[in-house]
file model-v1.cif (mmCIF, C-alpha atoms, pLDDT in the B column; chains and numbers go by the auth columns)
data_work
#
loop_
_atom_site.group_PDB
_atom_site.id
_atom_site.type_symbol
_atom_site.label_atom_id
_atom_site.label_comp_id
_atom_site.label_asym_id
_atom_site.label_seq_id
_atom_site.Cartn_x
_atom_site.Cartn_y
_atom_site.Cartn_z
_atom_site.B_iso_or_equiv
_atom_site.auth_seq_id
_atom_site.auth_asym_id
ATOM 1 C CA TYR A 1 -2.291 -9.184 23.581 92.00 17 I
ATOM 2 C CA ALA A 2 -2.078 -5.711 25.099 94.00 18 I
ATOM 3 C CA LEU A 3 1.700 -5.783 24.794 94.00 19 I
ATOM 4 C CA THR A 4 1.533 -6.791 21.134 93.00 20 I
ATOM 5 C CA ALA A 5 -1.009 -4.009 20.559 95.00 21 I
ATOM 6 C CA ASP A 6 1.435 -1.571 22.171 95.00 22 I
ATOM 7 C CA ALA A 7 4.188 -2.987 19.951 94.00 23 I
ATOM 8 C CA LEU A 8 2.133 -2.477 16.804 94.00 24 I
ATOM 9 C CA LEU A 9 1.175 1.050 17.818 95.00 25 I
ATOM 10 C CA ALA A 10 4.813 1.930 18.475 95.00 26 I
ATOM 11 C CA LEU A 11 5.869 0.441 15.131 93.00 27 I
ATOM 12 C CA GLU A 12 3.057 2.309 13.364 91.00 28 I
ATOM 13 C CA VAL A 13 4.430 5.668 14.527 94.00 29 I
ATOM 14 C CA GLY A 14 8.044 4.717 13.786 92.00 30 I
ATOM 15 C CA LEU A 15 9.236 3.847 17.295 94.00 31 I
ATOM 16 C CA LEU A 16 11.102 0.729 16.199 92.00 32 I
ATOM 17 C CA SER A 17 13.058 0.032 19.391 93.00 33 I
ATOM 18 C CA GLU A 18 10.030 0.590 21.596 94.00 34 I
ATOM 19 C CA GLY A 19 7.935 -1.693 19.397 93.00 35 I
ATOM 20 C CA GLU A 20 10.578 -4.391 19.644 92.00 36 I
ATOM 21 C CA ILE A 21 10.648 -4.108 23.426 93.00 37 I
ATOM 22 C CA TYR A 22 6.864 -4.527 23.713 95.00 38 I
ATOM 23 C CA ALA A 23 6.887 -7.469 21.289 93.00 39 I
ATOM 24 C CA GLN A 24 9.739 -9.111 23.205 92.00 40 I
ATOM 25 C CA LYS A 25 7.865 -8.699 26.504 95.00 41 I
ATOM 26 C CA ALA A 26 4.778 -10.305 24.994 94.00 42 I
ATOM 27 C CA PHE A 27 6.884 -13.129 23.614 89.00 43 I
ATOM 28 C CA LYS A 28 8.441 -13.774 27.037 93.00 44 I
ATOM 29 C CA LEU A 29 5.002 -13.993 28.653 94.00 45 I
ATOM 30 C CA ASP A 30 3.679 -16.366 25.986 94.00 46 I
ATOM 31 C CA PRO A 31 6.281 -17.934 23.661 93.00 47 I
ATOM 32 C CA ASP A 32 3.477 -19.417 21.527 95.00 48 I
ATOM 33 C CA LEU A 33 1.631 -16.146 20.922 95.00 49 I
ATOM 34 C CA ALA A 34 1.287 -15.730 17.164 96.00 50 I
ATOM 35 C CA ASP A 35 0.611 -12.001 17.549 95.00 51 I
ATOM 36 C CA ALA A 36 4.007 -11.502 19.185 94.00 52 I
ATOM 37 C CA TYR A 37 5.778 -13.295 16.334 95.00 53 I
ATOM 38 C CA ASN A 38 3.888 -11.169 13.823 95.00 54 I
ATOM 39 C CA ALA A 39 4.846 -7.946 15.631 95.00 55 I
ATOM 40 C CA ARG A 40 8.459 -9.061 15.854 94.00 56 I
ATOM 41 C CA GLY A 41 8.400 -9.789 12.122 95.00 57 I
ATOM 42 C CA ILE A 42 7.182 -6.261 11.411 95.00 58 I
ATOM 43 C CA ALA A 43 9.986 -4.918 13.581 94.00 59 I
ATOM 44 C CA GLN A 44 12.492 -6.982 11.587 94.00 60 I
ATOM 45 C CA ILE A 45 11.213 -5.366 8.389 93.00 61 I
ATOM 46 C CA GLY A 46 12.112 -2.051 10.021 91.00 62 I
ATOM 47 C CA ARG A 47 15.601 -3.428 10.642 92.00 63 I
ATOM 48 C CA LYS A 48 15.765 -4.759 7.049 94.00 64 I
ATOM 49 C CA ASP A 49 16.430 -8.220 8.386 94.00 65 I
ATOM 50 C CA TRP A 50 14.345 -9.968 5.743 94.00 66 I
ATOM 51 C CA ARG A 51 15.280 -13.528 6.693 94.00 67 I
ATOM 52 C CA GLU A 52 14.318 -13.022 10.327 95.00 68 I
ATOM 53 C CA ALA A 53 11.103 -11.229 9.367 95.00 69 I
ATOM 54 C CA LEU A 54 10.084 -14.090 7.083 96.00 70 I
ATOM 55 C CA GLU A 55 10.800 -16.646 9.817 96.00 71 I
ATOM 56 C CA ARG A 56 8.716 -14.689 12.341 96.00 72 I
ATOM 57 C CA PHE A 57 5.761 -14.409 9.954 96.00 73 I
ATOM 58 C CA GLN A 58 5.947 -18.100 9.092 96.00 74 I
ATOM 59 C CA THR A 59 5.985 -19.044 12.773 96.00 75 I
ATOM 60 C CA ALA A 60 2.998 -16.762 13.423 97.00 76 I
ATOM 61 C CA ALA A 61 1.144 -18.408 10.539 96.00 77 I
ATOM 62 C CA ASP A 62 1.995 -21.869 11.869 97.00 78 I
ATOM 63 C CA LEU A 63 0.822 -20.976 15.381 96.00 79 I
ATOM 64 C CA ALA A 64 -2.451 -19.475 14.165 96.00 80 I
ATOM 65 C CA PRO A 65 -3.661 -21.360 11.092 95.00 81 I
ATOM 66 C CA GLY A 66 -6.249 -19.344 9.223 92.00 82 I
ATOM 67 C CA TRP A 67 -4.918 -15.979 10.425 95.00 83 I
ATOM 68 C CA LYS A 68 -4.228 -14.000 7.263 95.00 84 I
ATOM 69 C CA ALA A 69 -2.106 -11.130 8.618 94.00 85 I
ATOM 70 C CA PRO A 70 1.209 -13.008 8.903 96.00 86 I
ATOM 71 C CA LEU A 71 0.694 -14.515 5.434 95.00 87 I
ATOM 72 C CA ILE A 72 0.147 -11.053 3.966 95.00 88 I
ATOM 73 C CA ASN A 73 3.099 -9.657 5.919 94.00 89 I
ATOM 74 C CA HIS A 74 5.275 -12.494 4.628 95.00 90 I
ATOM 75 C CA GLU A 75 4.508 -11.498 1.023 94.00 91 I
ATOM 76 C CA LEU A 76 4.967 -7.803 1.818 93.00 92 I
ATOM 77 C CA ALA A 77 8.370 -8.485 3.383 94.00 93 I
ATOM 78 C CA LEU A 78 9.442 -10.265 0.199 92.00 94 I
ATOM 79 C CA PHE A 79 8.115 -7.335 -1.836 92.00 95 I
ATOM 80 C CA ILE A 80 9.735 -4.631 0.307 91.00 96 I
ATOM 81 C CA SER A 81 13.080 -6.425 0.243 91.00 97 I
ATOM 82 C CA GLY A 82 13.350 -5.358 -3.397 86.00 98 I
ATOM 83 C CA LYS A 83 14.537 -8.703 -4.634 84.00 99 I
ATOM 84 C CA GLY A 84 13.039 -9.732 -7.942 80.00 100 I
ATOM 85 C CA ASP A 85 11.899 -8.155 -11.163 85.00 101 I
ATOM 86 C CA ASN A 86 8.603 -6.386 -11.892 84.00 102 I
ATOM 87 C CA ASP A 87 6.720 -9.630 -12.521 87.00 103 I
ATOM 88 C CA GLU A 88 7.954 -11.163 -9.258 89.00 104 I
ATOM 89 C CA GLU A 89 6.983 -8.025 -7.325 90.00 105 I
ATOM 90 C CA LEU A 90 3.509 -8.065 -8.838 91.00 106 I
ATOM 91 C CA GLY A 91 3.252 -11.788 -8.100 91.00 107 I
ATOM 92 C CA ARG A 92 3.996 -11.150 -4.426 92.00 108 I
ATOM 93 C CA ILE A 93 1.302 -8.502 -4.173 93.00 109 I
ATOM 94 C CA ARG A 94 -1.160 -10.773 -5.979 91.00 110 I
ATOM 95 C CA SER A 95 -0.285 -13.579 -3.547 92.00 111 I
ATOM 96 C CA ALA A 96 -1.001 -11.245 -0.649 92.00 112 I
ATOM 97 C CA LEU A 97 -4.310 -10.251 -2.260 92.00 113 I
ATOM 98 C CA ILE A 98 -5.329 -13.910 -2.338 90.00 114 I
ATOM 99 C CA HIS A 99 -5.320 -13.752 1.455 91.00 115 I
ATOM 100 C CA ASP A 100 -7.215 -10.435 1.620 90.00 116 I
ATOM 101 C CA ASN A 101 -8.634 -8.721 -1.456 86.00 117 I
ATOM 102 C CA THR A 102 -10.033 -5.899 0.669 86.00 118 I
ATOM 103 C CA HIS A 103 -6.703 -4.876 2.211 85.00 119 I
ATOM 104 C CA LEU A 104 -6.451 -1.105 2.544 82.00 120 I
ATOM 105 C CA GLU A 105 -3.181 -0.795 0.556 89.00 121 I
ATOM 106 C CA LEU A 106 -2.457 -3.929 -1.494 92.00 122 I
ATOM 107 C CA LEU A 107 -4.656 -2.962 -4.427 93.00 123 I
ATOM 108 C CA TYR A 108 -2.987 0.439 -4.581 94.00 124 I
ATOM 109 C CA ILE A 109 0.452 -1.162 -4.762 93.00 125 I
ATOM 110 C CA ALA A 110 -0.757 -3.523 -7.488 94.00 126 I
ATOM 111 C CA GLY A 111 -2.150 -0.586 -9.456 95.00 127 I
ATOM 112 C CA ARG A 112 1.176 1.222 -9.288 95.00 128 I
ATOM 113 C CA LEU A 113 3.093 -1.879 -10.381 93.00 129 I
ATOM 114 C CA LEU A 114 0.733 -2.441 -13.309 95.00 130 I
ATOM 115 C CA GLU A 115 1.093 1.187 -14.370 96.00 131 I
ATOM 116 C CA ARG A 116 4.868 0.859 -14.229 93.00 132 I
ATOM 117 C CA GLN A 117 4.564 -2.094 -16.616 94.00 133 I
ATOM 118 C CA ASP A 118 2.362 0.056 -18.898 96.00 134 I
ATOM 119 C CA ARG A 119 -0.633 -2.234 -18.294 96.00 135 I
ATOM 120 C CA LEU A 120 -2.948 0.750 -18.038 97.00 136 I
ATOM 121 C CA GLU A 121 -6.352 -0.966 -18.360 97.00 137 I
ATOM 122 C CA GLU A 122 -5.488 -3.353 -15.536 96.00 138 I
ATOM 123 C CA SER A 123 -4.026 -0.522 -13.474 96.00 139 I
ATOM 124 C CA ALA A 124 -7.189 1.575 -13.850 97.00 140 I
ATOM 125 C CA ALA A 125 -9.344 -1.391 -12.840 96.00 141 I
ATOM 126 C CA VAL A 126 -7.238 -2.109 -9.758 94.00 142 I
ATOM 127 C CA HIS A 127 -7.175 1.558 -8.683 96.00 143 I
ATOM 128 C CA THR A 128 -10.963 1.658 -9.111 96.00 144 I
ATOM 129 C CA ARG A 129 -11.266 -1.414 -6.886 94.00 145 I
ATOM 130 C CA GLN A 130 -8.926 0.207 -4.333 94.00 146 I
ATOM 131 C CA ILE A 131 -11.242 3.217 -4.179 95.00 147 I
ATOM 132 C CA GLU A 132 -14.219 0.895 -3.628 94.00 148 I
ATOM 133 C CA VAL A 133 -12.363 -0.809 -0.766 91.00 149 I
ATOM 134 C CA ASN A 134 -11.078 2.433 0.747 91.00 150 I
ATOM 135 C CA PRO A 135 -13.005 5.472 -0.532 92.00 151 I
ATOM 136 C CA LEU A 136 -10.739 7.845 1.411 90.00 152 I
ATOM 137 C CA HIS A 137 -7.575 6.684 -0.394 94.00 153 I
ATOM 138 C CA GLY A 138 -6.526 9.958 -2.012 95.00 154 I
ATOM 139 C CA TRP A 139 -3.483 8.559 -3.774 96.00 155 I
ATOM 140 C CA ALA A 140 -5.562 5.852 -5.455 96.00 156 I
ATOM 141 C CA ARG A 141 -7.828 8.571 -6.853 96.00 157 I
ATOM 142 C CA PHE A 142 -4.878 10.690 -7.941 97.00 158 I
ATOM 143 C CA ASP A 143 -3.167 7.751 -9.644 97.00 159 I
ATOM 144 C CA LEU A 144 -6.381 6.562 -11.284 97.00 160 I
ATOM 145 C CA ALA A 145 -6.686 10.002 -12.877 97.00 161 I
ATOM 146 C CA ARG A 146 -3.060 9.833 -14.042 97.00 162 I
ATOM 147 C CA VAL A 147 -3.647 6.398 -15.626 97.00 163 I
ATOM 148 C CA LEU A 148 -6.807 7.641 -17.330 97.00 164 I
ATOM 149 C CA PHE A 149 -4.867 10.662 -18.628 96.00 165 I
ATOM 150 C CA LYS A 150 -2.222 8.330 -20.080 95.00 166 I
ATOM 151 C CA GLN A 151 -5.021 6.406 -21.799 96.00 167 I
ATOM 152 C CA GLY A 152 -6.288 9.614 -23.394 94.00 168 I
ATOM 153 C CA ARG A 153 -9.362 9.773 -21.163 95.00 169 I
ATOM 154 C CA ILE A 154 -8.579 13.360 -20.263 93.00 170 I
ATOM 155 C CA TYR A 155 -12.097 14.458 -19.307 93.00 171 I
ATOM 156 C CA SER A 156 -12.388 11.613 -16.789 95.00 172 I
ATOM 157 C CA ALA A 157 -8.939 12.421 -15.401 96.00 173 I
ATOM 158 C CA THR A 158 -9.693 16.131 -14.959 94.00 174 I
ATOM 159 C CA THR A 159 -12.988 15.328 -13.252 94.00 175 I
ATOM 160 C CA ILE A 160 -11.238 13.106 -10.714 96.00 176 I
ATOM 161 C CA TRP A 161 -8.456 15.635 -10.040 95.00 177 I
ATOM 162 C CA ARG A 162 -10.971 18.481 -9.562 94.00 178 I
ATOM 163 C CA GLU A 163 -13.100 16.370 -7.210 95.00 179 I
ATOM 164 C CA LEU A 164 -10.007 15.291 -5.286 96.00 180 I
ATOM 165 C CA MET A 165 -8.855 18.903 -4.863 94.00 181 I
ATOM 166 C CA ASP A 166 -12.297 19.865 -3.572 93.00 182 I
ATOM 167 C CA ALA A 167 -12.632 16.912 -1.211 94.00 183 I
ATOM 168 C CA ARG A 168 -9.030 16.824 -0.029 94.00 184 I
ATOM 169 C CA PRO A 169 -7.320 20.239 0.090 94.00 185 I
ATOM 170 C CA ASP A 170 -4.103 18.463 1.091 95.00 186 I
ATOM 171 C CA PHE A 171 -3.977 17.113 -2.497 96.00 187 I
ATOM 172 C CA ARG A 172 -4.335 20.534 -4.122 94.00 188 I
ATOM 173 C CA GLU A 173 -0.623 20.977 -4.796 95.00 189 I
ATOM 174 C CA HIS A 174 -0.389 17.464 -6.248 96.00 190 I
ATOM 175 C CA CYS A 175 -3.382 17.859 -8.567 94.00 191 I
ATOM 176 C CA ILE A 176 -2.852 21.376 -9.859 93.00 192 I
ATOM 177 C CA HIS A 177 0.031 20.615 -12.262 93.00 193 I
ATOM 178 C CA PRO A 178 -1.431 17.531 -13.971 94.00 194 I
ATOM 179 C CA LEU A 179 -4.780 19.327 -14.154 92.00 195 I
ATOM 180 C CA LEU A 180 -3.108 22.293 -15.846 91.00 196 I
ATOM 181 C CA ASP A 181 -1.394 19.930 -18.322 90.00 197 I
ATOM 182 C CA ALA A 182 -4.715 18.270 -19.068 90.00 198 I
ATOM 183 C CA TYR A 183 -6.408 21.606 -19.782 88.00 199 I
ATOM 184 C CA LEU A 184 -3.540 22.749 -21.989 88.00 200 I
ATOM 185 C CA ASN A 185 -3.647 19.432 -23.913 85.00 201 I
ATOM 186 C CA THR A 186 -7.341 19.884 -24.620 85.00 202 I
ATOM 187 C CA GLY A 187 -7.004 23.580 -25.481 86.00 203 I
ATOM 188 C CA GLU A 188 -9.128 24.692 -22.539 85.00 204 I
ATOM 189 C CA THR A 189 -7.047 27.781 -21.847 81.00 205 I
ATOM 190 C CA GLY A 190 -9.804 29.440 -19.816 82.00 206 I
ATOM 191 C CA LYS A 191 -9.882 26.544 -17.350 81.00 207 I
ATOM 192 C CA ALA A 192 -6.076 26.474 -17.374 78.00 208 I
ATOM 193 C CA GLN A 193 -5.948 30.168 -16.431 79.00 209 I
ATOM 194 C CA ALA A 194 -8.573 29.674 -13.721 78.00 210 I
#

call {"tool": "encode", "arguments": {"input": "model-v1.cif", "output": "structure tokens"}}
result
Amino acid sequence: YALTADALLALEVGLLSEGEIYAQKAFKLDPDLADAYNARGIAQIGRKDWREALERFQTAADLAPGWKAPLINHELALFISGKGDNDEELGRIRSALIHDNTHLELLYIAGRLLERQDRLEESAAVHTRQIEVNPLHGWARFDLARVLFKQGRIYSATTIWRELMDARPDFREHCIHPLLDAYLNTGETGKAQA
């Protein structure tokens, strides 16, 4: 388990080869360790070997029935592979959400996909849920404001962007331009100048 933890940490910071080495060592010690298969699957995503990644995740799921991570990773690998149209991509994310509707990123991805399909009400609802699941998710807040702006809910959008700039200075450069557009659209030139 320690080796698979090392593998996941290495993969998290982008050390693909090192992550693969740790996962392989864990696999050699215990060829039936679901965690090692899962880590190796994540490494295969990094290599863009989708078939191998899917096989690894399926094996991990078979070895550890009830463990949700490899099932989610399986759907994410299909999504990341880029095969399929918008509806298929959204279907994969929704399938992953069936396994974990409190995942720290899946709702955000779903919100972006729904926005891309111009399903703004659904997108706003999903981004709102993402913020409930992960209150520190700055991009979910930013994108929720953008969706609200597209819906004509400019006051709500500007409130979110201002709060995000105050809470997260690293988002200041991202928020300033849409906030300026919002103020100019509503004729609030004083706020736009400020």

call {"tool": "resolve_selection", "arguments": {"input": "model-v1.cif", "expression": "the PyMOL selection byres ((chain I and resi 94) around 10)", "output": "number ranges by chain"}}
result
I: 61, 66-67, 69-70, 89-93, 95-100, 104-105, 108-109

call {"tool": "resolve_selection", "arguments": {"input": "model-v1.cif", "expression": "the PyMOL selection byres ((chain I and resi 115) around 12)", "output": "PyMOL selection string"}}
result
chain I and resi 82-92+108-114+116-119+122

call {"tool": "resolve_selection", "arguments": {"input": "model-v1.cif", "expression": "the PyMOL selection byres ((chain I and resi 127) around 9)", "output": "NGL selection string"}}
result
:I and (122-126 or 128-132 or 136 or 138-143 or 146 or 156 or 159-160)

call {"tool": "atom_distance", "arguments": {"input": "model-v1.cif", "atom1": "atom CA of I:Trp177", "atom2": "atom CA of I:Arg145"}}
result
17.6 Å

call {"tool": "atom_distance", "arguments": {"input": "model-v1.cif", "atom1": "atom CA of I:Ile192", "atom2": "atom CA of I:Ala210"}}
result
10.8 Å

call {"tool": "atom_distance", "arguments": {"input": "model-v1.cif", "atom1": "atom CA of I:Ser33", "atom2": "atom CA of I:Asn54"}}
result
15.5 Å

call {"tool": "residues_around", "arguments": {"input": "model-v1.cif", "residues": "I:Arg169", "least_positions_apart": "2", "cutoff": "12 Å", "atoms": "only C-alpha atoms", "output": "PyMOL selection string"}}
result
chain I and resi 136-137+140+160-167+171-176+198+201-202

call {"tool": "closest_residue", "arguments": {"input": "model-v1.cif", "among": "I:Ala23, I:Ile170, I:Ala55, I:Leu120", "to": "I:Ile147", "atoms": "only C-alpha atoms"}}
result
I:Leu120

call {"tool": "axis_aligned_box", "arguments": {"input": "model-v1.cif", "around": "stretch 56-67 of chain I", "padding_each_side": "3 Å", "output": "AutoDock Vina command-line options"}}
result
--center_x 11.8 --center_y -7.8 --center_z 10.8 --size_x 15.2 --size_y 17.5 --size_z 16.1

call {"tool": "residues_around", "arguments": {"input": "model-v1.cif", "residues": "I:Leu180", "least_positions_apart": "3", "cutoff": "8 Å", "atoms": "all atoms listed in the file", "output": "PyMOL selection string"}}
result
chain I and resi 154+157-158+176-177+183-185+187-188+191

call {"tool": "closest_residue", "arguments": {"input": "model-v1.cif", "among": "I:Gly168, I:Ala77, I:Gln133, I:Ala52", "to": "I:Leu106", "atoms": "all atoms listed in the file"}}
result
I:Gln133

call {"tool": "residues_around", "arguments": {"input": "model-v1.cif", "residues": "I:Lys41", "least_positions_apart": "5", "cutoff": "10 Å", "atoms": "only C-alpha atoms", "output": "mmCIF file with C-alpha atoms, in the coordinates of the input"}}
result
data_model
loop_
_atom_site.group_PDB
_atom_site.id
_atom_site.type_symbol
_atom_site.label_atom_id
_atom_site.label_comp_id
_atom_site.auth_asym_id
_atom_site.auth_seq_id
_atom_site.Cartn_x
_atom_site.Cartn_y
_atom_site.Cartn_z
ATOM 1 C CA LEU I 19 1.700 -5.783 24.794
ATOM 2 C CA THR I 20 1.533 -6.791 21.134
ATOM 3 C CA ALA I 23 4.188 -2.987 19.951
ATOM 4 C CA GLY I 35 7.935 -1.693 19.397
ATOM 5 C CA GLU I 36 10.578 -4.391 19.644
ATOM 6 C CA ASP I 46 3.679 -16.366 25.986
ATOM 7 C CA PRO I 47 6.281 -17.934 23.661
ATOM 8 C CA ALA I 52 4.007 -11.502 19.185
#

call {"tool": "residues_around", "arguments": {"input": "model-v1.cif", "residues": "I:Leu24", "least_positions_apart": "3", "cutoff": "12 Å", "atoms": "all atoms listed in the file", "output": "PyMOL selection string"}}
result
chain I and resi 17-21+27-40+42+51-59

call {"tool": "write_last_selection", "arguments": {"input": "model-v1.cif", "atoms": "C-alpha atoms", "output": "tab-separated table (two decimals), keeping the file's coordinate frame"}}
result
chain	number	residue	atom	x	y	z
I	17	TYR	CA	-2.29	-9.18	23.58
I	18	ALA	CA	-2.08	-5.71	25.10
I	19	LEU	CA	1.70	-5.78	24.79
I	20	THR	CA	1.53	-6.79	21.13
I	21	ALA	CA	-1.01	-4.01	20.56
I	27	LEU	CA	5.87	0.44	15.13
I	28	GLU	CA	3.06	2.31	13.36
I	29	VAL	CA	4.43	5.67	14.53
I	30	GLY	CA	8.04	4.72	13.79
I	31	LEU	CA	9.24	3.85	17.30
I	32	LEU	CA	11.10	0.73	16.20
I	33	SER	CA	13.06	0.03	19.39
I	34	GLU	CA	10.03	0.59	21.60
I	35	GLY	CA	7.94	-1.69	19.40
I	36	GLU	CA	10.58	-4.39	19.64
I	37	ILE	CA	10.65	-4.11	23.43
I	38	TYR	CA	6.86	-4.53	23.71
I	39	ALA	CA	6.89	-7.47	21.29
I	40	GLN	CA	9.74	-9.11	23.20
I	42	ALA	CA	4.78	-10.30	24.99
I	51	ASP	CA	0.61	-12.00	17.55
I	52	ALA	CA	4.01	-11.50	19.18
I	53	TYR	CA	5.78	-13.30	16.33
I	54	ASN	CA	3.89	-11.17	13.82
I	55	ALA	CA	4.85	-7.95	15.63
I	56	ARG	CA	8.46	-9.06	15.85
I	57	GLY	CA	8.40	-9.79	12.12
I	58	ILE	CA	7.18	-6.26	11.41
I	59	ALA	CA	9.99	-4.92	13.58
